[in-house]
Structures are given as structure tokens and as C-alpha cells.
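Text of the file protein_15.csv, holding CSV, C-alpha atoms and all ligand atoms:
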```
chain,number,residue,atom,x,y,z
A,1,MET,CA,0.0,0.0,0.0
A,2,THR,CA,1.5,3.4,-1.0
A,3,THR,CA,1.3,6.7,0.7
A,4,THR,CA,-1.3,7.9,-1.9
A,5,GLU,CA,-3.4,4.9,-1.0
A,6,THR,CA,-3.2,5.4,2.7
A,7,GLN,CA,-4.1,9.1,2.0
A,8,ARG,CA,-7.2,7.8,0.1
A,9,VAL,CA,-8.2,5.6,3.0
A,10,ALA,CA,-7.8,8.5,5.5
A,11,ASP,CA,-10.0,10.8,3.3
A,12,ARG,CA,-12.7,8.1,2.9
A,13,LEU,CA,-12.7,7.5,6.7
A,14,LEU,CA,-12.9,11.2,7.4
A,15,ARG,CA,-16.0,11.4,5.2
A,16,SER,CA,-17.5,8.4,7.0
A,17,THR,CA,-16.8,10.0,10.4
A,18,ALA,CA,-18.6,13.2,9.3
A,19,ALA,CA,-21.6,11.2,8.1
A,20,ARG,CA,-21.9,8.8,11.1
A,21,ALA,CA,-20.5,9.4,14.6
A,22,TYR,CA,-22.2,9.0,18.0
A,23,ASP,CA,-22.3,11.1,21.1
A,24,PRO,CA,-22.9,8.6,23.9
A,25,ASP,CA,-24.1,11.3,26.2
A,26,VAL,CA,-27.1,11.9,23.9
A,27,ASP,CA,-27.4,8.6,22.1
A,28,ILE,CA,-27.7,6.4,25.2
A,29,ASP,CA,-30.5,6.7,27.7
A,30,TRP,CA,-28.4,6.4,30.9
A,31,SER,CA,-31.5,6.6,33.1
A,32,ALA,CA,-33.3,3.6,31.6
A,33,PRO,CA,-33.7,0.8,34.1
A,34,LEU,CA,-31.7,-2.4,33.5
A,35,ALA,CA,-33.7,-5.2,31.9
A,36,PRO,CA,-34.5,-8.0,34.5
A,37,GLY,CA,-33.3,-11.4,33.6
A,38,LYS,CA,-30.9,-10.3,30.8
A,39,GLY,CA,-27.1,-11.1,30.9
A,40,TYR,CA,-24.0,-9.1,30.2
A,41,VAL,CA,-22.0,-11.7,28.4
A,42,LEU,CA,-22.9,-14.9,26.5
A,43,PRO,CA,-22.6,-17.7,29.1
A,44,HIS,CA,-20.0,-19.7,27.1
A,45,ARG,CA,-17.8,-16.6,27.0
A,46,CYS,CA,-17.6,-16.4,30.8
A,47,SER,CA,-14.0,-17.3,31.7
A,48,LEU,CA,-15.1,-20.1,34.1
A,49,TYR,CA,-17.8,-21.6,31.9
A,50,GLY,CA,-17.6,-25.4,32.0
A,51,THR,CA,-15.3,-25.6,35.1
A,52,SER,CA,-16.3,-27.1,38.4
A,53,LEU,CA,-16.1,-23.6,39.9
A,54,TYR,CA,-18.8,-22.4,37.5
A,55,ASP,CA,-21.0,-25.4,38.2
A,56,GLN,CA,-21.0,-24.5,41.9
A,57,LEU,CA,-22.4,-21.0,41.1
A,58,SER,CA,-26.2,-20.2,41.3
A,59,PRO,CA,-27.8,-18.8,38.1
A,60,GLU,CA,-27.8,-15.3,39.8
A,61,GLN,CA,-24.1,-15.6,40.6
A,62,ARG,CA,-23.4,-16.6,37.0
A,63,VAL,CA,-25.1,-13.4,35.8
A,64,GLU,CA,-23.3,-11.4,38.4
A,65,LEU,CA,-19.9,-12.8,37.3
A,66,GLY,CA,-20.8,-12.1,33.7
A,67,LYS,CA,-21.5,-8.5,34.7
A,68,HIS,CA,-18.1,-8.1,36.3
A,69,GLU,CA,-16.3,-9.8,33.4
A,70,ALA,CA,-18.1,-7.4,30.9
A,71,VAL,CA,-16.9,-4.5,33.1
A,72,SER,CA,-13.4,-5.9,33.2
A,73,VAL,CA,-13.3,-6.0,29.4
A,74,ALA,CA,-14.6,-2.4,29.3
A,75,SER,CA,-12.0,-1.3,31.9
A,76,THR,CA,-9.3,-2.9,29.7
A,77,GLY,CA,-10.8,-0.9,26.8
A,78,ILE,CA,-10.3,2.3,28.8
A,79,PHE,CA,-6.7,1.4,29.5
A,80,LEU,CA,-6.0,0.5,25.8
A,81,GLU,CA,-7.7,3.6,24.6
A,82,ALA,CA,-5.4,5.7,26.8
A,83,VAL,CA,-2.4,4.0,25.3
A,84,LEU,CA,-3.8,4.4,21.8
A,85,MET,CA,-4.6,8.1,22.4
A,86,ARG,CA,-1.0,8.7,23.4
A,87,MET,CA,0.2,7.1,20.2
A,88,LEU,CA,-2.3,9.0,18.0
A,89,THR,CA,-1.2,12.3,19.7
A,90,ARG,CA,2.4,11.5,18.8
A,91,GLU,CA,1.4,10.9,15.1
A,92,ALA,CA,-0.5,14.2,15.1
A,93,TYR,CA,2.5,16.0,16.8
A,94,THR,CA,5.1,14.7,14.3
A,95,GLY,CA,2.9,14.7,11.2
A,96,ASP,CA,1.6,17.3,8.7
A,97,PRO,CA,-1.6,18.8,10.0
A,98,MET,CA,-2.8,19.4,6.5
A,99,SER,CA,-2.6,15.7,5.7
A,100,GLY,CA,-5.6,13.3,5.8
A,101,HIS,CA,-3.4,11.0,7.9
A,102,VAL,CA,-3.1,13.5,10.8
A,103,GLN,CA,-6.7,14.7,10.4
A,104,TYR,CA,-8.0,11.2,10.6
A,105,ALA,CA,-5.8,10.5,13.6
A,106,LEU,CA,-7.4,13.5,15.3
A,107,ALA,CA,-10.9,12.4,14.4
A,108,GLU,CA,-10.1,9.0,15.9
A,109,LEU,CA,-8.8,10.6,19.0
A,110,GLY,CA,-12.1,12.4,19.4
A,111,GLU,CA,-14.0,9.1,19.1
A,112,GLU,CA,-11.7,7.4,21.6
A,113,THR,CA,-12.2,10.1,24.2
A,114,ARG,CA,-16.0,9.6,23.9
A,115,HIS,CA,-15.6,5.8,24.1
A,116,THR,CA,-13.6,6.1,27.3
A,117,ILE,CA,-16.3,8.3,28.9
A,118,MET,CA,-19.0,5.8,27.6
A,119,PHE,CA,-17.3,2.8,29.2
A,120,ALA,CA,-16.7,4.7,32.4
A,121,LYS,CA,-20.4,5.7,32.5
A,122,MET,CA,-21.4,2.1,31.9
A,123,ILE,CA,-19.3,0.9,34.8
A,124,GLU,CA,-20.8,3.6,37.0
A,125,ARG,CA,-24.3,2.6,35.9
A,126,LEU,CA,-23.6,-1.1,36.7
A,127,GLY,CA,-22.3,-0.2,40.1
A,128,THR,CA,-19.1,-2.4,39.9
A,129,PRO,CA,-15.5,-1.5,40.5
A,130,CYS,CA,-13.4,-0.3,37.5
A,131,TYR,CA,-10.9,-3.1,36.8
A,132,LEU,CA,-7.9,-1.2,35.4
A,133,PRO,CA,-4.8,-3.3,35.1
A,134,ALA,CA,-2.0,-3.3,37.7
A,135,PRO,CA,0.4,-0.3,37.9
A,136,SER,CA,3.2,-2.5,36.5
A,137,ILE,CA,1.1,-3.2,33.3
A,138,ARG,CA,0.2,0.5,33.1
A,139,ARG,CA,3.9,1.4,33.1
A,140,LEU,CA,4.4,-1.0,30.2
A,141,GLY,CA,1.6,0.7,28.4
A,142,HIS,CA,3.4,4.0,28.9
A,143,LEU,CA,6.6,2.4,27.5
A,144,LEU,CA,4.9,0.9,24.5
A,145,SER,CA,3.3,4.2,23.6
A,146,ALA,CA,6.8,5.8,23.7
A,147,ILE,CA,8.8,3.2,21.7
A,148,ALA,CA,6.3,1.6,19.3
A,149,HIS,CA,6.6,2.9,15.8
A,150,GLY,CA,5.5,1.8,12.3
A,151,PRO,CA,4.4,-1.9,12.3
A,152,SER,CA,4.6,-2.2,16.1
A,153,LEU,CA,2.6,1.0,16.6
A,154,TRP,CA,-0.2,0.0,14.2
A,155,GLY,CA,-0.1,-3.6,15.1
A,156,ALA,CA,-0.5,-2.7,18.8
A,157,VAL,CA,-3.5,-0.5,17.9
A,158,LEU,CA,-5.0,-3.5,16.1
A,159,ILE,CA,-4.3,-5.9,19.0
A,160,GLY,CA,-6.0,-3.3,21.3
A,161,GLU,CA,-9.0,-2.9,19.0
A,162,GLU,CA,-9.8,-6.1,17.1
A,163,VAL,CA,-10.1,-8.6,19.9
A,164,ILE,CA,-12.6,-6.6,21.9
A,165,ASP,CA,-14.4,-5.7,18.7
A,166,ARG,CA,-14.9,-9.3,17.6
A,167,LEU,CA,-16.4,-10.2,21.0
A,168,GLN,CA,-18.7,-7.2,20.9
A,169,ARG,CA,-19.9,-8.2,17.4
A,170,GLU,CA,-21.1,-11.5,18.8
A,171,ILE,CA,-23.5,-10.0,21.3
A,172,VAL,CA,-24.7,-6.8,19.6
A,173,ASP,CA,-27.8,-8.5,18.1
A,174,ASP,CA,-28.4,-11.0,20.9
A,175,GLU,CA,-31.7,-10.5,22.7
A,176,SER,CA,-30.5,-12.2,25.9
A,177,ILE,CA,-28.0,-9.4,26.5
A,178,GLN,CA,-28.9,-6.2,28.4
A,179,PRO,CA,-30.0,-3.4,25.9
A,180,LEU,CA,-27.6,-0.9,27.5
A,181,VAL,CA,-24.6,-3.2,26.8
A,182,ARG,CA,-25.8,-3.9,23.3
A,183,MET,CA,-26.2,-0.2,22.5
A,184,ILE,CA,-22.6,0.5,23.8
A,185,CYS,CA,-21.4,-2.3,21.6
A,186,ARG,CA,-23.2,-1.0,18.6
A,187,ILE,CA,-21.6,2.5,18.9
A,188,HIS,CA,-18.2,1.0,19.6
A,189,ILE,CA,-18.4,-1.4,16.6
A,190,THR,CA,-19.5,1.3,14.2
A,191,GLU,CA,-16.6,3.6,15.1
A,192,GLU,CA,-14.0,0.9,15.6
A,193,ALA,CA,-14.6,-0.4,12.0
A,194,ARG,CA,-13.1,2.8,10.8
A,195,HIS,CA,-10.2,2.7,13.3
A,196,VAL,CA,-9.4,-0.8,12.2
A,197,GLY,CA,-9.5,0.1,8.5
A,198,PHE,CA,-7.1,3.0,9.2
A,199,ALA,CA,-4.7,1.0,11.3
A,200,ARG,CA,-4.6,-1.9,8.8
A,201,ALA,CA,-3.8,0.5,5.9
A,202,GLU,CA,-1.1,2.3,7.9
A,203,LEU,CA,0.3,-1.1,9.0
A,204,ALA,CA,0.6,-2.4,5.5
A,205,ALA,CA,2.3,0.9,4.4
A,206,SER,CA,4.7,0.9,7.3
A,207,VAL,CA,5.7,-2.8,6.8
A,208,ALA,CA,6.6,-1.9,3.2
A,209,ARG,CA,8.9,1.0,4.5
A,210,MET,CA,10.4,-1.0,7.4
A,211,PRO,CA,14.1,-1.7,7.4
A,212,ARG,CA,14.6,-5.5,7.7
A,213,TYR,CA,16.7,-5.3,10.8
A,214,GLU,CA,13.8,-3.9,12.7
A,215,LEU,CA,11.5,-7.0,12.2
A,216,PRO,CA,12.5,-8.8,15.4
A,217,PHE,CA,11.8,-5.7,17.5
A,218,HIS,CA,8.3,-5.3,16.0
A,219,ARG,CA,7.5,-9.0,16.3
A,220,LEU,CA,8.6,-9.1,19.9
A,221,ALA,CA,6.8,-5.9,20.9
A,222,LEU,CA,3.5,-7.2,19.3
A,223,ALA,CA,3.8,-10.7,20.9
A,224,ARG,CA,4.4,-9.1,24.3
A,225,THR,CA,1.4,-6.8,23.8
A,226,ALA,CA,-0.8,-9.7,22.8
A,227,LEU,CA,0.2,-11.8,25.8
A,228,ILE,CA,-0.5,-8.9,28.2
A,229,LEU,CA,-3.9,-8.3,26.6
A,230,SER,CA,-4.8,-12.0,27.0
A,231,ARG,CA,-4.1,-11.7,30.7
A,232,ILE,CA,-5.7,-8.3,31.6
A,233,MET,CA,-9.0,-8.7,29.8
A,234,ILE,CA,-10.4,-10.6,32.8
A,235,ASN,CA,-9.0,-9.1,36.0
A,236,PRO,CA,-8.8,-11.8,38.7
A,237,ARG,CA,-10.6,-9.4,41.1
A,238,VAL,CA,-13.8,-10.0,39.3
A,239,TYR,CA,-14.1,-13.4,41.0
A,240,LEU,CA,-14.4,-11.7,44.4
A,241,ALA,CA,-17.9,-10.6,43.3
A,242,VAL,CA,-19.1,-14.2,43.5
A,243,GLY,CA,-17.1,-15.2,46.6
A,244,LEU,CA,-14.3,-17.1,44.7
A,245,ASP,CA,-10.6,-16.9,45.5
A,246,PRO,CA,-9.1,-14.8,42.7
A,247,ARG,CA,-5.9,-16.9,42.5
A,248,VAL,CA,-7.8,-20.2,42.3
A,249,ALA,CA,-10.3,-18.9,39.8
A,250,ARG,CA,-7.6,-17.3,37.7
A,251,ARG,CA,-5.8,-20.6,37.4
A,252,ALA,CA,-9.0,-22.4,36.5
A,253,ALA,CA,-9.8,-19.8,33.8
A,254,LEU,CA,-6.3,-20.0,32.2
A,255,ALA,CA,-6.6,-23.8,32.1
A,256,ASN,CA,-10.2,-23.7,30.8
A,257,PRO,CA,-10.4,-24.8,27.2
A,258,HIS,CA,-13.6,-22.7,26.8
A,259,HIS,CA,-11.8,-19.6,27.9
A,260,ARG,CA,-8.8,-20.4,25.6
A,261,GLU,CA,-11.3,-20.8,22.7
A,262,THR,CA,-12.8,-17.4,23.5
A,263,LEU,CA,-9.3,-15.8,23.2
A,264,ARG,CA,-8.6,-17.8,20.0
A,265,TYR,CA,-11.9,-16.7,18.5
A,266,GLY,CA,-11.3,-13.0,19.6
A,267,GLY,CA,-7.9,-13.0,18.0
A,268,GLU,CA,-8.6,-15.1,14.9
A,269,LYS,CA,-8.9,-12.3,12.3
A,270,LEU,CA,-6.2,-10.2,13.9
A,271,VAL,CA,-3.7,-13.1,14.0
A,272,ALA,CA,-4.4,-13.9,10.3
A,273,PHE,CA,-3.8,-10.3,9.3
A,274,LEU,CA,-0.6,-9.8,11.3
A,275,ASP,CA,0.7,-13.2,10.2
A,276,GLN,CA,0.1,-12.3,6.5
A,277,ALA,CA,2.0,-9.1,7.1
A,278,GLY,CA,5.0,-11.2,8.5
A,279,LEU,CA,4.7,-9.8,12.0
A,280,ILE,CA,4.1,-13.1,13.8
A,281,GLY,CA,7.2,-15.3,14.1
A,282,HIS,CA,10.6,-15.6,15.8
A,283,PRO,CA,11.3,-14.2,18.4
A,284,GLY,CA,7.7,-13.7,19.4
A,285,SER,CA,6.1,-17.1,18.5
A,286,TYR,CA,6.3,-18.5,22.0
A,287,LEU,CA,4.5,-15.5,23.6
A,288,TRP,CA,1.8,-15.6,20.9
A,289,ARG,CA,1.2,-19.3,21.8
A,290,ARG,CA,1.0,-18.5,25.5
A,291,SER,CA,-1.5,-15.7,24.8
A,292,PHE,CA,-4.0,-18.4,23.4
A,293,PHE,CA,-4.8,-16.0,20.5
A,294,VAL,CA,-3.0,-18.4,18.2
A,295,GLY,CA,-5.0,-21.7,18.0
B,1,FE,FE,-12.6,2.7,21.2
B,2,FE,FE,-10.6,2.6,18.3
```
How would this structure read if it were set down as C-alpha cells?
Ligand SMILES: [Fe+2]
Ligand SMILES: [Fe+2]
Amino acid sequence: MTTTETQRVADRLLRSTAARAYDPDVDIDWSAPLAPGKGYVLPHRCSLYGTSLYDQLSPEQRVELGKHEAVSVASTGIFLEAVLMRMLTREAYTGDPMSGHVQYALAELGEETRHTIMFAKMIERLGTPCYLPAPSIRRLGHLLSAIAHGPSLWGAVLIGEEVIDRLQREIVDDESIQPLVRMICRIHITEEARHVGFARAELAASVARMPRYELPFHRLALARTALILSRIMINPRVYLAVGLDPRVARRAALANPHHRETLRYGGEKLVAFLDQAGLIGHPGSYLWRRSFFVG
């Protein structure tokens, strides 16, 4: 993909942003009551589904755990969006403000600020804790946003966006899910589709420009990012909400074939794209396998 082509993609996405963008403050009825009997995640996407710990939970506790897991994913979204916004700001700072590239990066920044507020309001509405990752992980996010460039920058953006996006697409039309959660997913999916299109185009162009000696760095940075994402999406503190020991439940979730399948499913399209771009391989293969995104 050439610079002219990425410019064309940015121009098209800017037009699409102008035609269709949401304001969650206005487009979501935050005062609507929650629907009784509806869930927050699909049961088989709960990290403990199919384990003996899950079997011991009452139906109400299963819904409650699903609620905390949905919030954990939204909290991870807030963290990832902060990292992404730092990277987009850098692009805007170093680039040409007259270019479609920088202008689209700024349009995307605007959407991400609203997404973060939307997720935070959802967490407030559901009355759970916000499950941000541990300070050590947040420091790594800071480091990533400072050192990632070219393929590792756009690849990290895709890791941050595509997994959560794929899982949201699965529930957006499902009547068994809370309408509030579905509306949030609908807004996020619509806007993320543009972000993913932008990042994929930029990634392809940056791989074509990349000096060969940088390949191991980009592969390793992306593999490490993927492994971290796989471990922070479900914060072990969610298990406290249903009286489970976080350490025991975390171990059961990581060993759970259903949970591993959820991660593989979430990462399927992303992994195929990054692999085709040559960004999955030595020295990152082992970390990708441990992330369970690679089946
Ligand atoms: Fe977002
Ligand atoms: Fe995004």
C-alpha cells in the first residue's frame, strides 16, 4: 500500500466520520432501568464456563460474574484507549496537520475520548469497580506508547481494537443481553470499524517501509502486547464478586479450554492479518502461543 493509497483511505474515513458518529451522552439513555433477567456476556464466553467452579455458582451468581467480566473488558478498553490516544497524539504531533493521515488520527482521538467516557459511565451505571490493570502493566503501556513505531505501533493498535471488537460483534444483536450493553457495543463497533481500517492500511504501508533489521523488534513488541492483553481482559478481582478466590479462579480460567477458545476466537482475524504481514514469528512465537490467541 503506497502513501497515496493510505491518504485515500484516510480521506474516505474522514467522510464516513462526518456522516456517522455518535455522542454517547445523547445517544444512550443512561437513566433507563436495566432489563431484568438479561445477561452481560454470553454464558459460554464467561472465563469459568464449563469448570467445576462455574458449576457451583447459582444462576444469579453466573449473571453477576458475567457483569463483572463485561466491566473488566470495558476497563481494559479504557486502558487500551489511553495507550492508543498517546500514540495518535504522537502521530499528530510529528505529522503534517494538512494531511488526511493526521486529520483522521485527530478524528479517531475524538472518538476514543468519547468511548472512554462511555465505558466509564457504563461501569458507574452497573455499580461495579473499574478493573484497570495493575500499575506495572500500566507502566508497560506507557513504555509501549513511547517506543512503538511503524508496524509495532499500528499492530499494537489492532491488538487493542480487534479482539474486543470481535467479541462485541457477537453480542450486539443477541436479545438475551442487556440493551444498554448492546447499544454500547453498537456504537463502539461502528466507530472501531473505521479505526481498524485506518490501522490496517497504515500497518501495510509501514511494513513496506520497514528496514529488515527492525523486524525482530516489531514481532517481539507485538507478541508481548498480545500476551498482556490476554491476561488483563479478565481481571482476577472479578471473581471476588461471587465469593471465589481470585488466585484459584484465575488458574482455573487459564486452564479452561472454553476460555482459551474465546481468546482464540477473539484474535482469529487479527492473527491472520498480522501473520500475513509477516509480523508473527521468531522471536515472538512463544509469547503468541502463550496468549492463546493463536490456536
Ligand atoms: Fe474505542
Ligand atoms: Fe478505536
Next on the checklist: Around ligand FE 1 (chain B), which protein and nucleic acid residues have at least one atom no more than 10 Å from it, if we count all atoms listed in the file? List them as a ChimeraX atom specification.
Outcome noted: /A:74,77-78,80-82,84-85,108-116,118-119,160-161,164-165,187-193,195
Please produce a file of those selected residues containing C-alpha atoms, as an mmCIF file, in the frame of the given file.
```cif
data_model
loop_
_atom_site.group_PDB
_atom_site.id
_atom_site.type_symbol
_atom_site.label_atom_id
_atom_site.label_comp_id
_atom_site.auth_asym_id
_atom_site.auth_seq_id
_atom_site.Cartn_x
_atom_site.Cartn_y
_atom_site.Cartn_z
ATOM 1 C CA ALA A 74 -14.600 -2.400 29.300
ATOM 2 C CA GLY A 77 -10.800 -0.900 26.800
ATOM 3 C CA ILE A 78 -10.300 2.300 28.800
ATOM 4 C CA LEU A 80 -6.000 0.500 25.800
ATOM 5 C CA GLU A 81 -7.700 3.600 24.600
ATOM 6 C CA ALA A 82 -5.400 5.700 26.800
ATOM 7 C CA LEU A 84 -3.800 4.400 21.800
ATOM 8 C CA MET A 85 -4.600 8.100 22.400
ATOM 9 C CA GLU A 108 -10.100 9.000 15.900
ATOM 10 C CA LEU A 109 -8.800 10.600 19.000
ATOM 11 C CA GLY A 110 -12.100 12.400 19.400
ATOM 12 C CA GLU A 111 -14.000 9.100 19.100
ATOM 13 C CA GLU A 112 -11.700 7.400 21.600
ATOM 14 C CA THR A 113 -12.200 10.100 24.200
ATOM 15 C CA ARG A 114 -16.000 9.600 23.900
ATOM 16 C CA HIS A 115 -15.600 5.800 24.100
ATOM 17 C CA THR A 116 -13.600 6.100 27.300
ATOM 18 C CA MET A 118 -19.000 5.800 27.600
ATOM 19 C CA PHE A 119 -17.300 2.800 29.200
ATOM 20 C CA GLY A 160 -6.000 -3.300 21.300
ATOM 21 C CA GLU A 161 -9.000 -2.900 19.000
ATOM 22 C CA ILE A 164 -12.600 -6.600 21.900
ATOM 23 C CA ASP A 165 -14.400 -5.700 18.700
ATOM 24 C CA ILE A 187 -21.600 2.500 18.900
ATOM 25 C CA HIS A 188 -18.200 1.000 19.600
ATOM 26 C CA ILE A 189 -18.400 -1.400 16.600
ATOM 27 C CA THR A 190 -19.500 1.300 14.200
ATOM 28 C CA GLU A 191 -16.600 3.600 15.100
ATOM 29 C CA GLU A 192 -14.000 0.900 15.600
ATOM 30 C CA ALA A 193 -14.600 -0.400 12.000
ATOM 31 C CA HIS A 195 -10.200 2.700 13.300
#
```
Item to check | Among listed residues A:Glu162, A:Glu170, A:Glu202, A:Asp96, nearest ligand FE 2 (chain B) (using all atoms listed in the file) | outcome: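 Between A:Glu162, A:Glu170, A:Glu202, A:Asp96, the residue approaching ligand FE 2 (chain B) most closely is A:Glu162.
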Checklist entry - For Val207 in chain A, which of A:Val163, A:Leu279, A:Leu270, A:Ala120 is the closest residue, counting all atoms listed in the file? => result A:Leu279
Item to check | Distance of CA of Gly155 in chain A from CA of Tyr93 in chain A, expressed in Å to one decimal place | outcome: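 Going from CA of Tyr93 in chain A over to CA of Gly155 in chain A covers 19.8 Å.
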Checklist entry - With only C-alpha atoms as the atoms that count, which of A:Gln7, A:Gln178, A:Thr128, A:Ser206 lies nearest to His149 in chain A? => result A:Ser206
Env of range 241-252 of chain A: 7 Å cut, atoms = only C-alpha atoms, seq-sep filter 4 positions within chain, self excluded. Answer as an mmCIF file with C-alpha atoms, keeping the file's coordinate frame.
```cif
data_model
loop_
_atom_site.group_PDB
_atom_site.id
_atom_site.type_symbol
_atom_site.label_atom_id
_atom_site.label_comp_id
_atom_site.auth_asym_id
_atom_site.auth_seq_id
_atom_site.Cartn_x
_atom_site.Cartn_y
_atom_site.Cartn_z
ATOM 1 C CA LEU A 48 -15.100 -20.100 34.100
ATOM 2 C CA GLN A 61 -24.100 -15.600 40.600
ATOM 3 C CA LEU A 65 -19.900 -12.800 37.300
ATOM 4 C CA PRO A 236 -8.800 -11.800 38.700
ATOM 5 C CA ARG A 237 -10.600 -9.400 41.100
ATOM 6 C CA ASN A 256 -10.200 -23.700 30.800
#
```
Next on the checklist: Report as a list in words all protein, DNA and RNA residues lying within 6 Å of Tyr40 in chain A, evaluated on all atoms listed in the file, omitting residues in the same chain fewer than 4 positions from it.
Outcome noted: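 Neighbouring residues, sequence-local ones excluded: Gly66, Lys67, Ile177 and Gln178 of chain A.
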Item to check | Given all atoms listed in the file as the counted atoms, nearest of A:Ile228, A:Leu140, A:Leu180, A:Val157 to ligand FE 2 (chain B) | outcome: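 Checking each of A:Ile228, A:Leu140, A:Leu180, A:Val157 against ligand FE 2 (chain B), counting all atoms listed in the file, the winner is A:Val157.
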Next on the checklist: Neighbouring residues of Glu175 in chain A were defined as those with any atom within 12 Å, considering all atoms listed in the file; residues of the same chain fewer than 4 positions away were excluded. Please report them as a list in words.
Outcome noted: Ala35, Gly37, Lys38, Gly39, Tyr40, Val41, Leu42, Glu170, Ile171, Pro179, Leu180, Val181, Arg182 and Met183 of chain A
Would you save the residues of that selection, restricted to C-alpha atoms, as a PDB file, in the frame of the given file?
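Everything below was put into selection-v1.pdb:
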```
ATOM      1  CA  ALA A  35     -33.700  -5.200  31.900  1.00  0.00           C
ATOM      2  CA  GLY A  37     -33.300 -11.400  33.600  1.00  0.00           C
ATOM      3  CA  LYS A  38     -30.900 -10.300  30.800  1.00  0.00           C
ATOM      4  CA  GLY A  39     -27.100 -11.100  30.900  1.00  0.00           C
ATOM      5  CA  TYR A  40     -24.000  -9.100  30.200  1.00  0.00           C
ATOM      6  CA  VAL A  41     -22.000 -11.700  28.400  1.00  0.00           C
ATOM      7  CA  LEU A  42     -22.900 -14.900  26.500  1.00  0.00           C
ATOM      8  CA  GLU A 170     -21.100 -11.500  18.800  1.00  0.00           C
ATOM      9  CA  ILE A 171     -23.500 -10.000  21.300  1.00  0.00           C
ATOM     10  CA  PRO A 179     -30.000  -3.400  25.900  1.00  0.00           C
ATOM     11  CA  LEU A 180     -27.600  -0.900  27.500  1.00  0.00           C
ATOM     12  CA  VAL A 181     -24.600  -3.200  26.800  1.00  0.00           C
ATOM     13  CA  ARG A 182     -25.800  -3.900  23.300  1.00  0.00           C
ATOM     14  CA  MET A 183     -26.200  -0.200  22.500  1.00  0.00           C
TER      15      MET A 183
END
```
Next on the checklist: Excluding Ala105 in chain A and its own-chain neighbours fewer than 5 positions away, which residues fall within 9 Å of it when counting all atoms listed in the file? Please give them as a ChimeraX atom specification.
Outcome noted: /A:10,88-89,91-92,100,110,195,198
Could those residues be written to a file, using C-alpha atoms, as a CSV table (one decimal), in the coordinates of the input?
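The resulting file, again_31.csv, is reproduced below:
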```csv
chain,number,residue,atom,x,y,z
A,10,ALA,CA,-7.8,8.5,5.5
A,88,LEU,CA,-2.3,9.0,18.0
A,89,THR,CA,-1.2,12.3,19.7
A,91,GLU,CA,1.4,10.9,15.1
A,92,ALA,CA,-0.5,14.2,15.1
A,100,GLY,CA,-5.6,13.3,5.8
A,110,GLY,CA,-12.1,12.4,19.4
A,195,HIS,CA,-10.2,2.7,13.3
A,198,PHE,CA,-7.1,3.0,9.2
```
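Close to (9.7, -16.4, 18.5), meaning no more than 12 Å away when counting only C-alpha atoms, sit the residues Leu215, Pro216, Phe217, His218, Arg219, Leu220, Ala221, Leu222, Ala223, Arg224, Leu279, Ile280, Gly281, His282, Pro283, Gly284, Ser285, Tyr286, Leu287, Trp288, Arg289 and Arg290 of chain A.
Counting from CA of Pro129 in chain A, the distance to CA of Ser75 in chain A is 9.3 Å.
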Next on the checklist: Env of Lys269 in chain A: 12 Å cut, atoms = all atoms listed in the file, seq-sep filter 3 positions within chain, self excluded. Answer as JSON, numbers by chain.
Outcome noted: {"A": [158, 159, 161, 162, 163, 164, 165, 166, 167, 196, 200, 263, 264, 265, 266, 272, 273, 274, 275, 276, 293, 294, 295]}
Checklist entry - How far is it from CA of Arg12 in chain A to CA of Val102 in chain A, in Å with one decimal? => result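 Going from CA of Arg12 in chain A over to CA of Val102 in chain A, I get 13.6 Å.
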Checklist entry - How would you write as a ChimeraX atom specification the residues that get within 10 Å of (-1.2, -6.1, 34.7) in the file's frame, counting all atoms listed in the file? => result /A:132-141,228-229,231-233,235
Checklist entry - Which of these, A:Ala107, A:Leu53, A:Cys130, A:Ala201, has the shortest distance to ligand FE 2 (chain B) once you count all atoms listed in the file? => result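 Among A:Ala107, A:Leu53, A:Cys130, A:Ala201, it is A:Ala107 that comes nearest to ligand FE 2 (chain B).
Nearest-residue note for ligand FE 2 (chain B): choosing from A:Met210, A:Leu126, A:Ala205, A:Val83, the minimum distance belongs to A:Val83, counting only C-alpha atoms and all ligand atoms.
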